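**Student:** Submitted below is the structure of interest, expressed as structure tokens.
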Amino acid sequence: MSAFSAFMHPRDELLATMSRIYQYRMTTTSGGNLSIREESGDIWITPTRVDKGTLRRDDMVRVDRDGTVEGLHPPSSELPLHQAIYRARPDLRGIVHAHPVALVAFSAIHQVPNTHLFAKAHAICGEVKFAPYELPSSKELGSTVAGKFLEGSDCSILENHGVVTGGISLGDAFQKFETLEFVGRTIIKGRQLGEVRFLTPQEIELANRRTSVRGEFDRQAPSSREKELRRRLCEFVHRAYRQRLFISTQGSFSTRVDESSFLITPFQVDRGTLDPEEIVFIKDGKCESGKTPSRATPDHEAIYRHHPKINALINASPINATAFSVTNASLDSRTIPESYCLLRQVERVEYGVQYRDSEALARRCSVNQPALVLENDGVLVCGGEILEAFDRLEVLESTAEALVDSRSIGELAPMPEKALRGLEVTFLQM
Ligand SMILES: [Zn+2]
């Protein structure tokens with residue numbers, strides 16, 4: 001993750017990660033703690049009883065390998081938990097512990113979220129363990145959870161408490177934490193719509209086999225048009241991340257530069273902190289040297305080739321629309337004129353088409369079919385330019401949320417044919 005670079009001081013890394021977790025309401029001001037273990041064995045950890053909303057870099061605490069504490073505050077009371085996990089797993093360098101709502105819901109019903117919901121989530125989080133209850137801050141909690149990590153899992157739900165994730169860096173642990181919370185939220189939303197569909201190991205394998213590796217070219221100096229598009233793409237990626245239309249490990253965003261080239265987000269770079277230089281330039285099927293484009297690149301490439309009027313594409317995973325992707329509920333856009341005009345009829349694409357056959361996916365998408373639900377893989381929207389695609393994504397998510405909410409108050413009364421024809425004649429020039 002670029003935000004957690006090797007050159008960042010542990011104080012700053014802890015601060016940036018905690019702010020992110022707190023800002024997205026993935027912890028309360030009193031709950032949650034993070035740590036980093038350095039090469040030397042020293043542990044940097046967030047302090048105890050300091051308001052997460054006003055935390056500063058100087059508030060972070062260092063605990064030497066012999067247990068000597070250095071800092072303005074005592075270390076988090078969960079220090080024994082962090083120490084026990086690091087002892088059990090010498091490969092880990094970062095730990096996140098918090099009480100995010102969806103995972104607390106799982107912890108309170110004594111279940112773990114099934115990561116077979118999305119291929120990527122399974123690749124990032126692996127299997128999740130369940131650690132039996134122990135008193136918070138106790139040595140017993142440490143040894144129980146460390147035992148689960150010793151079995152090889154990097155994610156544990158703590159019975160009637162919360163979650164712990166570990167990683168080869170704090171950034172890695174954060175990605176697991178955020179992804180697992182997203183899986184939990186999607187399952188909860190999905191269950192409001194019906195039966196939730198999970199993937200078989202073969203289906204997960206299909207997605208993970210996909211590669212975007214291709215020939216490279218040494219690029220010339222970028223045009224000012226390309227520079228402008230890089231900046232705009234980046235701004236919208238950040239906006240989408242802030243609005244939780246994707247999480248840091250998911251989502252691909254691209255825009256056409258000319259008939260033979262386009263810009264796309266890179267593979268596995270944190271969406272929350274993406275820089276314009278990290279965006280990847282694809283020309284005549286080749287990639288600018290030294291970069292790895294998103295794995296959705298072959299799909300976007302095929303769609304641009306088939307549809308000259310499409311100039312921007314987004315794969316995203318906003319929570320409500322994604323809940324439709326993991327169930328058989330139909331995302332009916334006939335709710336209000338805005339939804340129908342921008343989304344037309346939202347079609348569902350059966351799982352795996354996007355991995356097996358980009359040409360087939362390109363045939364399913366068009367200016368008249370601009371929004372697709374991809375089974376167990378979120379959504380795909382297109383537009384004549386970046387803002388239009390982004391607007392469509394927002395409308396898709398709002399429509400999905402309204403549909404989920406409407407279920408608890410009554411039955412959907414879709415706009416009648418006559419009203420739809422009126423919209424088509426007036427706004428869609430069919
Ligand atoms: Zn806790």
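Starting from 1 in every chain, residues are counted up; chains themselves are A, B, ... following the order of the structure tokens, and ligands are numbered from 1 as listed.
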Report as a Markdown table the residues of chain A within 6 Å of ligand 1, each with its shortest atom pair and distance in Å (one decimal), using only C-alpha atoms and all ligand atoms, ordered by chain and increasing residue number.

**Tutor:**
```
| residue | atom | partner | partner_atom_place_in_ligand_line | distance |
| --- | --- | --- | --- | --- |
| A:Gly31 | CA | ligand 1 | 1 (Zn) | 5.8 |
| A:Gly32 | CA | ligand 1 | 1 (Zn) | 5.7 |
| A:Ala98 | CA | ligand 1 | 1 (Zn) | 5.6 |
```

**Student:** Write out as JSON, numbers by chain all residues of region 57-274 of chain A that DSSP puts in strand (DSSP E or B) for this structure's backbone.

**Tutor:** {"A": [61, 62, 63, 69, 70, 75, 94, 95, 96, 97, 98, 128, 129, 130, 131, 155, 156, 157, 158, 162, 163, 164, 165, 166, 167, 216, 217, 252, 253, 254, 255, 256, 257, 258, 261, 262, 263, 264, 266]}

**Student:** Would you mind reading off the distance between CA of Ser35 (chain A) and CA of Arg244 (chain A), one decimal, in Å?

**Tutor:**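 About the pair CA of Ser35 (chain A) and CA of Arg244 (chain A): they are 24.8 Å apart.
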
**Student:** List as a compact mmCIF listing (two decimals) with C-alpha atoms, in the first residue's frame the protein and nucleic acid residues near Ala102 (chain A), meaning an atom at most 7 Å away when only C-alpha atoms are counted, but skip any in the same chain fewer than 5 places from it.

**Tutor:**
```
# COMPACT_ATOMS: atom_id res chain seq x y z
CA GLU A 181 -15.65 -5.68 7.43
CA GLY A 184 -19.53 -8.79 6.81
CA ARG A 185 -21.57 -5.76 5.75
```

**Student:** Within 7 Å of region 209-222 of chain A, counting only C-alpha atoms, which residues qualify if same-chain residues fewer than 4 places away don't, as a count of residues only?

**Tutor:** 14

**Student:** Please provide the set of residues having any atom within 6 Å of region 319-336 of chain A, restricted to only C-alpha atoms, with same-chain residues fewer than 4 positions apart removed, written as a PDB file with N, CA and C atoms, in the first residue's frame.

**Tutor:**
```
ATOM      1  N   THR A 186     -21.674  -6.804   3.560  1.00  0.00           N
ATOM      2  CA  THR A 186     -22.379  -7.281   2.361  1.00  0.00           C
ATOM      3  C   THR A 186     -23.276  -8.474   2.683  1.00  0.00           C
ATOM      4  N   LYS A 189     -26.380  -7.073   4.496  1.00  0.00           N
ATOM      5  CA  LYS A 189     -27.284  -6.426   3.519  1.00  0.00           C
ATOM      6  C   LYS A 189     -27.938  -7.459   2.619  1.00  0.00           C
ATOM      7  N   GLY A 190     -27.116  -8.386   2.133  1.00  0.00           N
ATOM      8  CA  GLY A 190     -27.614  -9.407   1.210  1.00  0.00           C
ATOM      9  C   GLY A 190     -28.742 -10.221   1.835  1.00  0.00           C
ATOM     10  N   GLU A 195     -31.466 -15.125  -0.117  1.00  0.00           N
ATOM     11  CA  GLU A 195     -30.375 -16.078   0.091  1.00  0.00           C
ATOM     12  C   GLU A 195     -29.069 -15.483  -0.448  1.00  0.00           C
ATOM     13  N   VAL A 196     -27.985 -15.594   0.307  1.00  0.00           N
ATOM     14  CA  VAL A 196     -26.687 -15.090  -0.161  1.00  0.00           C
ATOM     15  C   VAL A 196     -25.916 -16.231  -0.827  1.00  0.00           C
ATOM     16  N   ARG A 197     -25.350 -15.932  -2.004  1.00  0.00           N
ATOM     17  CA  ARG A 197     -24.620 -16.948  -2.760  1.00  0.00           C
ATOM     18  C   ARG A 197     -23.119 -16.837  -2.476  1.00  0.00           C
ATOM     19  N   TYR A 340     -34.297   5.415 -13.651  1.00  0.00           N
ATOM     20  CA  TYR A 340     -34.560   4.755 -14.934  1.00  0.00           C
ATOM     21  C   TYR A 340     -33.775   5.425 -16.068  1.00  0.00           C
ATOM     22  N   VAL A 373     -24.849  -5.585 -13.023  1.00  0.00           N
ATOM     23  CA  VAL A 373     -24.501  -6.208 -11.748  1.00  0.00           C
ATOM     24  C   VAL A 373     -23.732  -7.474 -12.096  1.00  0.00           C
ATOM     25  N   LEU A 374     -22.511  -7.601 -11.581  1.00  0.00           N
ATOM     26  CA  LEU A 374     -21.690  -8.778 -11.850  1.00  0.00           C
ATOM     27  C   LEU A 374     -21.791  -9.715 -10.652  1.00  0.00           C
ATOM     28  N   GLU A 375     -22.295 -10.908 -10.860  1.00  0.00           N
ATOM     29  CA  GLU A 375     -22.519 -11.810  -9.732  1.00  0.00           C
ATOM     30  C   GLU A 375     -21.262 -11.971  -8.882  1.00  0.00           C
ATOM     31  N   ASN A 376     -21.414 -11.757  -7.583  1.00  0.00           N
ATOM     32  CA  ASN A 376     -20.326 -11.857  -6.592  1.00  0.00           C
ATOM     33  C   ASN A 376     -19.085 -11.063  -6.982  1.00  0.00           C
ATOM     34  N   GLY A 378     -19.602  -7.234  -7.520  1.00  0.00           N
ATOM     35  CA  GLY A 378     -19.955  -5.813  -7.537  1.00  0.00           C
ATOM     36  C   GLY A 378     -20.654  -5.388  -8.815  1.00  0.00           C
ATOM     37  N   GLU A 397     -26.036   3.159  -6.732  1.00  0.00           N
ATOM     38  CA  GLU A 397     -25.966   2.844  -5.302  1.00  0.00           C
ATOM     39  C   GLU A 397     -27.163   3.409  -4.541  1.00  0.00           C
ATOM     40  N   ALA A 400     -30.149   1.263  -5.298  1.00  0.00           N
ATOM     41  CA  ALA A 400     -30.057  -0.010  -4.582  1.00  0.00           C
ATOM     42  C   ALA A 400     -30.412   0.175  -3.110  1.00  0.00           C
ATOM     43  N   GLU A 401     -29.928   1.264  -2.524  1.00  0.00           N
ATOM     44  CA  GLU A 401     -30.214   1.501  -1.107  1.00  0.00           C
ATOM     45  C   GLU A 401     -31.709   1.724  -0.887  1.00  0.00           C
ATOM     46  N   PRO A 414     -43.367  -0.446  -9.145  1.00  0.00           N
ATOM     47  CA  PRO A 414     -42.508   0.128 -10.177  1.00  0.00           C
ATOM     48  C   PRO A 414     -43.278   1.099 -11.074  1.00  0.00           C
ATOM     49  N   MET A 415     -42.566   2.065 -11.669  1.00  0.00           N
ATOM     50  CA  MET A 415     -43.210   3.008 -12.586  1.00  0.00           C
ATOM     51  C   MET A 415     -43.809   2.214 -13.746  1.00  0.00           C
TER      52      MET A 415
END
```

**Student:** Please provide as an MDAnalysis selection string all residues within 12 Å of region 50-59 of chain A, with the sequence filter that same-chain residues fewer than 3 positions apart are discarded (counting only C-alpha atoms).

**Tutor:** chainID A and resid 8:34 44:47 62 70:77

**Student:** Using backbone DSSP assignments, extract all helix (DSSP H, G or I) residues from region 203-416 of chain A; output them as an MDAnalysis selection string.

**Tutor:** chainID A and resid 203:209 224:242 276:278 297:306 319:325 337:343 353:356 358:364 386:406

**Student:** I'd like the neighbourhood of Pro337 (chain A) as a ChimeraX atom specification, where a residue qualifies if any of its atoms comes within 12 Å (using only C-alpha atoms), though same-chain residues fewer than 4 positions away should be ignored.

**Tutor:** /A:333,341-344,395,399,414-416,419-424,426-428

**Student:** Let me make sure I understand: among A:Arg356, A:Lys148, A:Arg37, A:Arg348, which one has the smallest atom-to-atom distance to Ser169 (chain A) if we use only C-alpha atoms?

**Tutor:**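 Result for the nearest residue to Ser169 (chain A): A:Arg37.
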
**Student:** Measure the distance from CA of Asn208 (chain A) to CA of Lys120 (chain A) in Å and round it to one decimal.

**Tutor:**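 Between CA of Asn208 (chain A) and CA of Lys120 (chain A) the gap works out to 7.7 Å.
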
**Student:** Between CA of Arg407 (chain A) and CA of Pro370 (chain A), measure the distance and give it in Å to one decimal.

**Tutor:**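 Distance between the two atoms: 25.2 Å.
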
**Student:** Quick one: of A:Val164, A:Phe118, A:Val128, A:Gln111, who's nearest to His97 (chain A), counting only C-alpha atoms?

**Tutor:**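 Smallest separation from His97 (chain A) among the options: A:Val164.
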